[in-house]
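Novice: Attaching a single structure in C-alpha cells format; questions to follow.
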Amino acid sequence: MSNPGRTLSTTPSGPAGLRAGSRRPRLQPIGVPTPPSRNGSARPLRIAIIAPPWFELPPTAYGGTEAVVADLVNQLADRGHHVILIGAGQHRTKAAEFYPIYDQPPSHRLGAALPEVFHGAGAAKVLRTMQVDLVHDHSLAGPLLAAGRSVPTVVTMHGPVTGELGEYYTQLAGDIDVVAISAAQRGLNPDLNWAGTVHNAIDVATFPFRDRKDDYLLWLGRFCDDKGAHLAIDLARSAGRRIVLAGKLNEPEEKEYFAREVAPRLGPDVEYVGEADATRKRELFAGARALLFPIQWDEPFGMVMIEAMACGTPVVATRRGSVPEVVADGVSGVIADRIDDLPAALAAAERLDPAACRRHVEANFDLPVMAEGYERIYRSLIERRGRRQDVAAVLPAPVDVAGGRRAHQGLSQRRPKVHSTVREGEVTA
C-alpha cells in the first residue's frame, strides 16, 4: 500500500518535528462542527494514535500489536476520520499525517527501557503542537504523559494487566481510560479504569480460505514455555501426525527454551521453518489440518487463532485466557480442559467444517467490527469529557477556612469510583 499521508521526518537522535521552513496545515479546533463522516455518523474525529516504537506499520513479520494498530488506522481513515499516526521508521497506512520518532525502529533493542521512554517523550512533544479530539496510546511509556491533557487518552491493554504492569496502569487511573482486548483479560484486574472491551481483528479478506487441507498440523508463535510448542509436538507425535513449527526465535530466553524443549524433539515428523512473514504465514494456516494452541498462561487474546480460523483451519487449544471467547467450541475448534484431553480434541477438530471456521471469524473478528467498537468508545469518552468541562465551567472553586482558593473537588477533578460492572458508554466488540 502506498503512503498517502503526510510524513514528518526526524533526526536519528531527536523526536519528530517540522523541518525548518515547513508549514503545518491549519488544524480543526476541537468542538467545531464538521461535515458528517463518510459512514454517515457524527462529525469526523481527529484521532492521534501512538504506536509502539519497535516495528514499522504494518510489520513485515513478528509484531501482533503493530498489525492491529496498522489495521485500526486504516479502518478509521476509511470511516472518514483524520488519523495522526506517531510511530517509527516508515509506514504503509492510510494515516493523514505520520510522525516518526525514530528514523529506524530500534527493533534490536526490543525490551529495553530507554527506547520506550524516548518514544513517549517524542510523542508528547508532537502532540503539544496540535489539536486533536482524542489520543489512543499503544505504547508503554506514553501514558505517563497523559496527565493534564485536555482530551481523553485511551490505552489498549495488549499484554498482562496483573503484577507490576497492572499496578502501573492502576497508578494512572486518573489520567487514562483503558480498553480490554478480551473479557478474560479484564477479569484478571477488574479495578482498572476500564472504558470497554474490543476484541482484536484481522482483514479476513486477505486470508486465503481452503477446505482441502494438507497432511500436517501447525504451531505458530513465540518460543517460550507459556506458548507450549513442546506440548504441540508431543500431541502431534502421539496422534501420528506431522507438525510444522513457525515462530520467533531471536531473544536469549527464546533460544534457551528452543534448545531445551524443541531441538531434542525435532525429527522427520517435526519441522521448524523459521519465522514466517505475512505471505508464508497465510500459506501455512491455509494448508494446516489444525492449529495447535496448547497455551499454559492466560493469554489476553491470541491473533494466531483468528488467523487460522479465517483460513478454514480449526484450533485445538487449552481452556486458558481468551480461548473460550475466540474459539467457538465444536464449531471453529475444540477446547480441552486438560492436557490429557488434547488428543481427543484434535480428533474432533479434524472433523469440523472449514467453512464454519471462516464464517465465525467474519462475523466476530473482521476489521469493521473492531473499528466500530473503538469509535463508539472514542465518542463516549469525548462526550463524557465535554460534560465534565461544562460542569467545571459553572462551578465556583470553594474557599477554604483561611480564605485561600482550592481546586474544586467536583466532576472536573475526580473520577467516580470504578466498578467491575460495565459503565454507561462501554463497548464490547
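By order in the C-alpha cells, chains are A, B, ...; within a chain, residues start at 1; ligands start at 1, following the order shown.
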Please provide the set of residues having any atom within 8 Å of Pro106 (chain A), restricted to only C-alpha atoms, with same-chain residues fewer than 5 positions apart removed, written as a list in words.

Specialist: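 The residues that qualify are Pro53, Trp54, Phe55 and Pro115 of chain A.
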
Novice: Please provide as a PyMOL selection string all residues within 7 Å of region 44-49 of chain A, with the sequence filter that same-chain residues fewer than 6 positions apart are discarded (counting only C-alpha atoms).

Specialist: chain A and resi 34+36-37+80-86+132-137

Novice: Using only C-alpha atoms, which protein or nucleic acid residues come within 7 Å of region 340-346 of chain A? Drop anything in the same chain fewer than 6 positions from it, and give the result as an NGL selection string.

Specialist: :A and (235 or 239 or 316 or 334)

Novice: Generate the output file for the selected residues, C-alpha atoms, as a PDB file, in the first residue's frame.

Specialist:
```
ATOM      1  CA  LEU A 235       0.423 -34.048  20.825  1.00  0.00           C
ATOM      2  CA  ALA A 239      -1.501 -38.814  17.055  1.00  0.00           C
ATOM      3  CA  VAL A 316      -7.150 -27.090  19.196  1.00  0.00           C
ATOM      4  CA  VAL A 334     -12.176 -27.729  20.136  1.00  0.00           C
TER       5      VAL A 334
END
```

Novice: Just to confirm, what's the straight-line distance from CA of Glu97 (chain A) to CA of Ala124 (chain A) in Å (one decimal)?

Specialist: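 For CA of Glu97 (chain A) relative to CA of Ala124 (chain A), the distance reads 15.5 Å.
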
Novice: Near region 291-300 of chain A, within 9 Å and counting only C-alpha atoms, which residues show up once chain neighbours fewer than 6 positions away are dropped, as a tab-separated table (two decimals) with N, CA and C atoms, in the first residue's frame?

Specialist:
```tsv
chain	number	residue	atom	x	y	z
A	157	MET	N	-4.95	-2.42	26.38
A	157	MET	CA	-4.14	-3.37	27.14
A	157	MET	C	-3.77	-4.56	26.23
A	158	HIS	N	-2.62	-4.49	25.59
A	158	HIS	CA	-2.20	-5.56	24.70
A	158	HIS	C	-1.50	-6.71	25.43
A	159	GLY	N	-1.16	-6.51	26.68
A	159	GLY	CA	-0.42	-7.52	27.43
A	159	GLY	C	-1.03	-7.77	28.79
A	160	PRO	N	-0.24	-8.26	29.74
A	160	PRO	CA	-0.75	-8.58	31.07
A	160	PRO	C	-1.28	-7.34	31.79
A	180	ALA	N	-9.92	-3.24	27.21
A	180	ALA	CA	-9.50	-4.64	27.24
A	180	ALA	C	-9.67	-5.25	25.85
A	181	ILE	N	-8.84	-6.24	25.55
A	181	ILE	CA	-8.99	-6.95	24.28
A	181	ILE	C	-9.73	-8.27	24.47
A	182	SER	N	-10.12	-8.56	25.71
A	182	SER	CA	-10.99	-9.72	25.97
A	182	SER	C	-11.58	-9.57	27.36
A	183	ALA	N	-12.72	-10.22	27.56
A	183	ALA	CA	-13.31	-10.22	28.90
A	183	ALA	C	-12.43	-10.97	29.89
A	184	ALA	N	-11.73	-11.99	29.40
A	184	ALA	CA	-10.83	-12.74	30.27
A	184	ALA	C	-9.72	-11.85	30.80
A	185	GLN	N	-9.17	-11.03	29.95
A	185	GLN	CA	-8.13	-10.10	30.37
A	185	GLN	C	-8.67	-9.13	31.42
A	186	ARG	N	-9.83	-8.60	31.15
A	186	ARG	CA	-10.44	-7.63	32.06
A	186	ARG	C	-10.75	-8.25	33.43
A	217	LEU	N	-0.06	-30.64	10.86
A	217	LEU	CA	-0.58	-29.75	11.89
A	217	LEU	C	0.37	-28.57	12.01
A	218	LEU	N	-0.08	-27.50	12.63
A	218	LEU	CA	0.71	-26.27	12.69
A	218	LEU	C	0.77	-25.72	14.11
A	219	TRP	N	1.94	-25.29	14.50
A	219	TRP	CA	2.11	-24.44	15.69
A	219	TRP	C	2.83	-23.18	15.22
A	220	LEU	N	2.31	-22.01	15.61
A	220	LEU	CA	2.91	-20.74	15.20
A	220	LEU	C	2.86	-19.77	16.37
A	225	ASP	N	7.91	-21.30	27.17
A	225	ASP	CA	7.13	-22.33	27.87
A	225	ASP	C	5.64	-22.05	27.80
A	226	ASP	N	5.25	-20.78	27.96
A	226	ASP	CA	3.84	-20.43	28.01
A	226	ASP	C	3.09	-20.75	26.72
A	227	LYS	N	3.79	-20.69	25.58
A	227	LYS	CA	3.13	-20.94	24.29
A	227	LYS	C	3.01	-22.44	23.98
A	228	GLY	N	3.81	-23.26	24.65
A	228	GLY	CA	3.62	-24.70	24.58
A	228	GLY	C	3.99	-25.38	23.28
A	229	ALA	N	5.03	-24.94	22.59
A	229	ALA	CA	5.44	-25.62	21.36
A	229	ALA	C	5.81	-27.08	21.63
A	231	LEU	N	4.55	-29.02	23.88
A	231	LEU	CA	3.32	-29.77	24.06
A	231	LEU	C	2.66	-30.06	22.72
A	232	ALA	N	2.74	-29.10	21.79
A	232	ALA	CA	2.18	-29.31	20.47
A	232	ALA	C	2.91	-30.44	19.75
A	235	LEU	N	1.78	-33.73	21.24
A	235	LEU	CA	0.42	-34.05	20.83
A	235	LEU	C	0.42	-34.59	19.40
A	236	ALA	N	1.10	-33.91	18.49
A	236	ALA	CA	1.13	-34.35	17.10
A	236	ALA	C	1.77	-35.74	16.99
A	285	PHE	N	-1.18	-21.42	7.41
A	285	PHE	CA	-2.51	-21.51	8.02
A	285	PHE	C	-3.48	-22.22	7.08
A	308	ALA	N	-5.88	-18.44	11.80
A	308	ALA	CA	-6.06	-19.82	11.36
A	308	ALA	C	-7.51	-20.09	10.97
A	309	MET	N	-8.43	-19.69	11.82
A	309	MET	CA	-9.85	-19.94	11.54
A	309	MET	C	-10.31	-19.23	10.28
A	313	THR	N	-9.13	-23.24	9.09
A	313	THR	CA	-8.36	-24.20	9.89
A	313	THR	C	-8.81	-24.15	11.34
A	314	PRO	N	-9.32	-25.25	11.89
A	314	PRO	CA	-9.81	-25.25	13.27
A	314	PRO	C	-8.65	-25.15	14.27
A	315	VAL	N	-8.98	-24.71	15.47
A	315	VAL	CA	-8.00	-24.51	16.53
A	315	VAL	C	-8.21	-25.56	17.62
A	316	VAL	N	-7.13	-26.17	18.05
A	316	VAL	CA	-7.15	-27.09	19.20
A	316	VAL	C	-6.39	-26.40	20.31
A	317	ALA	N	-7.06	-26.08	21.40
A	317	ALA	CA	-6.47	-25.21	22.42
A	317	ALA	C	-6.83	-25.67	23.82
A	318	THR	N	-6.01	-25.24	24.76
A	318	THR	CA	-6.33	-25.42	26.17
A	318	THR	C	-7.22	-24.27	26.63
A	319	ARG	N	-8.03	-24.53	27.62
A	319	ARG	CA	-9.00	-23.54	28.09
A	319	ARG	C	-8.32	-22.54	29.04
A	320	ARG	N	-7.60	-21.60	28.45
A	320	ARG	CA	-6.90	-20.58	29.21
A	320	ARG	C	-7.18	-19.21	28.58
A	321	GLY	N	-7.22	-18.18	29.42
A	321	GLY	CA	-7.35	-16.81	28.93
A	321	GLY	C	-8.56	-16.60	28.04
A	322	SER	N	-8.31	-16.01	26.88
A	322	SER	CA	-9.39	-15.62	25.98
A	322	SER	C	-9.87	-16.74	25.08
A	323	VAL	N	-9.29	-17.93	25.17
A	323	VAL	CA	-9.63	-19.00	24.23
A	323	VAL	C	-11.13	-19.24	24.11
A	333	GLY	N	-13.34	-24.89	16.36
A	333	GLY	CA	-12.23	-25.53	17.05
A	333	GLY	C	-12.74	-26.34	18.22
A	336	ALA	N	-9.81	-27.98	25.10
A	336	ALA	CA	-9.54	-29.05	26.08
A	336	ALA	C	-9.37	-28.46	27.46
A	339	ILE	N	-4.54	-31.15	29.62
A	339	ILE	CA	-3.57	-31.57	28.61
A	339	ILE	C	-3.92	-32.97	28.11
A	342	LEU	N	-6.24	-33.30	25.06
A	342	LEU	CA	-5.88	-32.75	23.76
A	342	LEU	C	-5.96	-33.76	22.61
A	346	LEU	N	-8.12	-33.01	19.27
A	346	LEU	CA	-7.57	-32.97	17.92
A	346	LEU	C	-8.39	-33.83	16.97
```

Novice: Between CA of Thr279 (chain A) and CA of Arg92 (chain A), what distance in Å does the model show, to one decimal?

Specialist: 16.4 Å

Novice: When you look at His360 (chain A) with a cut-off of 8 Å (counting only C-alpha atoms), what residues show up, excluding the ones that are within fewer than 3 positions of it in the same chain? I need them as a PyMOL selection string.

Specialist: chain A and resi 309+328+332+356-357+363-365

Novice: Which residues, written as a PyMOL selection string, have at least one atom at most 10 Å from Lys213 (chain A), with only C-alpha atoms counted and residues fewer than 5 positions away on the same chain left out?

Specialist: chain A and resi 285-290+312-313+354

Novice: Need the shell around Ile306 (chain A): protein/DNA/RNA residues with any atom at most 8 Å away, counting only C-alpha atoms. Skip same-chain ones fewer than 5 positions apart. Format as a ChimeraX atom specification?

Specialist: /A:201-202,326,361,365

Novice: Please run DSSP on the backbone and report, as a tab-separated table (two decimals) with N, CA and C atoms, in the first residue's frame, all residues within region 185-400 of chain A that come out as strand (DSSP E).

Specialist:
```tsv
chain	number	residue	atom	x	y	z
A	194	TRP	N	-11.57	0.74	33.32
A	194	TRP	CA	-11.98	0.20	32.03
A	194	TRP	C	-13.01	1.08	31.34
A	195	ALA	N	-12.80	1.30	30.05
A	195	ALA	CA	-13.78	2.03	29.24
A	195	ALA	C	-14.59	1.07	28.38
A	196	GLY	N	-14.15	-0.16	28.23
A	196	GLY	CA	-14.87	-1.12	27.41
A	196	GLY	C	-13.96	-2.26	26.98
A	197	THR	N	-14.52	-3.17	26.20
A	197	THR	CA	-13.79	-4.32	25.68
A	197	THR	C	-13.98	-4.38	24.17
A	217	LEU	N	-0.06	-30.64	10.86
A	217	LEU	CA	-0.58	-29.75	11.89
A	217	LEU	C	0.37	-28.57	12.01
A	218	LEU	N	-0.08	-27.50	12.63
A	218	LEU	CA	0.71	-26.27	12.69
A	218	LEU	C	0.77	-25.72	14.11
A	219	TRP	N	1.94	-25.29	14.50
A	219	TRP	CA	2.11	-24.44	15.69
A	219	TRP	C	2.83	-23.18	15.22
A	220	LEU	N	2.31	-22.01	15.61
A	220	LEU	CA	2.91	-20.74	15.20
A	220	LEU	C	2.86	-19.77	16.37
A	221	GLY	N	4.01	-19.19	16.68
A	221	GLY	CA	4.04	-18.25	17.80
A	221	GLY	C	5.45	-17.89	18.21
A	222	ARG	N	5.59	-17.49	19.45
A	222	ARG	CA	6.90	-17.15	20.02
A	222	ARG	C	7.35	-18.32	20.89
A	243	ILE	N	4.04	-32.28	12.17
A	243	ILE	CA	3.77	-30.93	12.63
A	243	ILE	C	4.84	-29.98	12.09
A	244	VAL	N	4.39	-28.79	11.72
A	244	VAL	CA	5.27	-27.72	11.27
A	244	VAL	C	5.28	-26.64	12.34
A	245	LEU	N	6.47	-26.18	12.71
A	245	LEU	CA	6.64	-25.11	13.69
A	245	LEU	C	7.15	-23.86	12.98
A	246	ALA	N	6.51	-22.73	13.25
A	246	ALA	CA	6.97	-21.45	12.70
A	246	ALA	C	6.89	-20.43	13.81
A	247	GLY	N	8.02	-19.81	14.13
A	247	GLY	CA	7.96	-18.89	15.26
A	247	GLY	C	9.17	-18.01	15.40
A	248	LYS	N	9.01	-17.02	16.26
A	248	LYS	CA	10.05	-16.05	16.56
A	248	LYS	C	11.11	-16.70	17.45
A	270	VAL	N	8.72	-33.60	12.65
A	270	VAL	CA	8.68	-32.27	13.28
A	270	VAL	C	9.62	-31.35	12.51
A	271	GLU	N	9.06	-30.33	11.86
A	271	GLU	CA	9.85	-29.44	11.03
A	271	GLU	C	9.74	-28.00	11.52
A	272	TYR	N	10.89	-27.37	11.75
A	272	TYR	CA	10.92	-25.95	12.09
A	272	TYR	C	11.28	-25.17	10.85
A	291	LEU	N	-4.63	-25.90	13.84
A	291	LEU	CA	-3.64	-25.12	14.57
A	291	LEU	C	-3.63	-25.61	16.01
A	292	LEU	N	-2.47	-25.99	16.51
A	292	LEU	CA	-2.35	-26.42	17.90
A	292	LEU	C	-1.97	-25.21	18.75
A	293	PHE	N	-2.74	-24.97	19.81
A	293	PHE	CA	-2.57	-23.77	20.65
A	293	PHE	C	-2.66	-24.18	22.12
A	315	VAL	N	-8.98	-24.71	15.47
A	315	VAL	CA	-8.00	-24.51	16.53
A	315	VAL	C	-8.21	-25.56	17.62
A	316	VAL	N	-7.13	-26.17	18.05
A	316	VAL	CA	-7.15	-27.09	19.20
A	316	VAL	C	-6.39	-26.40	20.31
A	317	ALA	N	-7.06	-26.08	21.40
A	317	ALA	CA	-6.47	-25.21	22.42
A	317	ALA	C	-6.83	-25.67	23.82
A	318	THR	N	-6.01	-25.24	24.76
A	318	THR	CA	-6.33	-25.42	26.17
A	318	THR	C	-7.22	-24.27	26.63
A	333	GLY	N	-13.34	-24.89	16.36
A	333	GLY	CA	-12.23	-25.53	17.05
A	333	GLY	C	-12.74	-26.34	18.22
A	334	VAL	N	-11.82	-26.93	18.97
A	334	VAL	CA	-12.18	-27.73	20.14
A	334	VAL	C	-11.26	-27.32	21.29
A	335	ILE	N	-11.86	-27.09	22.44
A	335	ILE	CA	-11.14	-26.62	23.62
A	335	ILE	C	-11.02	-27.76	24.62
A	336	ALA	N	-9.81	-27.98	25.10
A	336	ALA	CA	-9.54	-29.05	26.08
A	336	ALA	C	-9.37	-28.46	27.46
```

Novice: Run DSSP on the backbone and tell me which residues of region 47-232 of chain A come out as helix (DSSP H, G or I); list them as an MDAnalysis selection string.

Specialist: chainID A and resid 64:78 107:109 113:127 142:145 163:171 183:187 204:206 225:227 229:232

Novice: For CA of Gly120 (chain A) and CA of Thr153 (chain A), quote the distance in Å rounded to one decimal.

Specialist: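 For CA of Gly120 (chain A) relative to CA of Thr153 (chain A), the distance reads 13.3 Å.
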
Novice: Just checking: using only C-alpha atoms, which residue out of A:Gly111, A:Pro143, A:Gly148, A:Gly274 ends up closest to Ile176 (chain A)?

Specialist: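 For Ile176 (chain A), the nearest of the candidates is A:Pro143.
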
Novice: Identify which of the residues A:Ala42, A:Ala113, A:Met303, A:Val331 lies closest to Ser139 (chain A), counting only C-alpha atoms when measuring atom-to-atom distances.

Specialist: A:Ala113

Novice: Rank nothing, just name the residue among A:Lys281, A:Pro190, A:Thr129, A:Ala355 nearest to Phe207 (chain A), using only C-alpha atoms.

Specialist: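 That would be A:Lys281, the residue with the smallest distance to Phe207 (chain A).
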
Novice: Region 271-341 of chain A near region 56-61 of chain A within 7 Å: what's each residue's closest atom pair and its distance in Å to one decimal, counting only C-alpha atoms, ordered by chain then ascending residue number, as CSV?

Specialist:
```
residue,atom,partner,partner_atom,distance
A:Ala276,CA,A:Ala61,CA,6.4
A:Asp277,CA,A:Ala61,CA,4.3
A:Ala278,CA,A:Ala61,CA,6.0
```

Novice: Using N, CA and C atoms, can you export the residues from the last selection as a PDB file, in the first residue's frame?

Specialist:
```pdb
ATOM      1  N   ALA A 276       7.793 -16.906  10.135  1.00  0.00           N
ATOM      2  CA  ALA A 276       7.023 -16.756   8.902  1.00  0.00           C
ATOM      3  C   ALA A 276       6.600 -15.313   8.700  1.00  0.00           C
ATOM      4  N   ASP A 277       6.850 -14.783   7.486  1.00  0.00           N
ATOM      5  CA  ASP A 277       6.352 -13.448   7.166  1.00  0.00           C
ATOM      6  C   ASP A 277       4.877 -13.535   6.817  1.00  0.00           C
ATOM      7  N   ALA A 278       4.277 -12.407   6.423  1.00  0.00           N
ATOM      8  CA  ALA A 278       2.828 -12.370   6.209  1.00  0.00           C
ATOM      9  C   ALA A 278       2.383 -13.364   5.143  1.00  0.00           C
TER      10      ALA A 278
END
```

Novice: Just checking: using only C-alpha atoms, which residue out of A:Ala96, A:Ala51, A:Leu76, A:Ala348 ends up closest to Pro368 (chain A)?

Specialist: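 Distance minimum relative to Pro368 (chain A) lands on A:Leu76.
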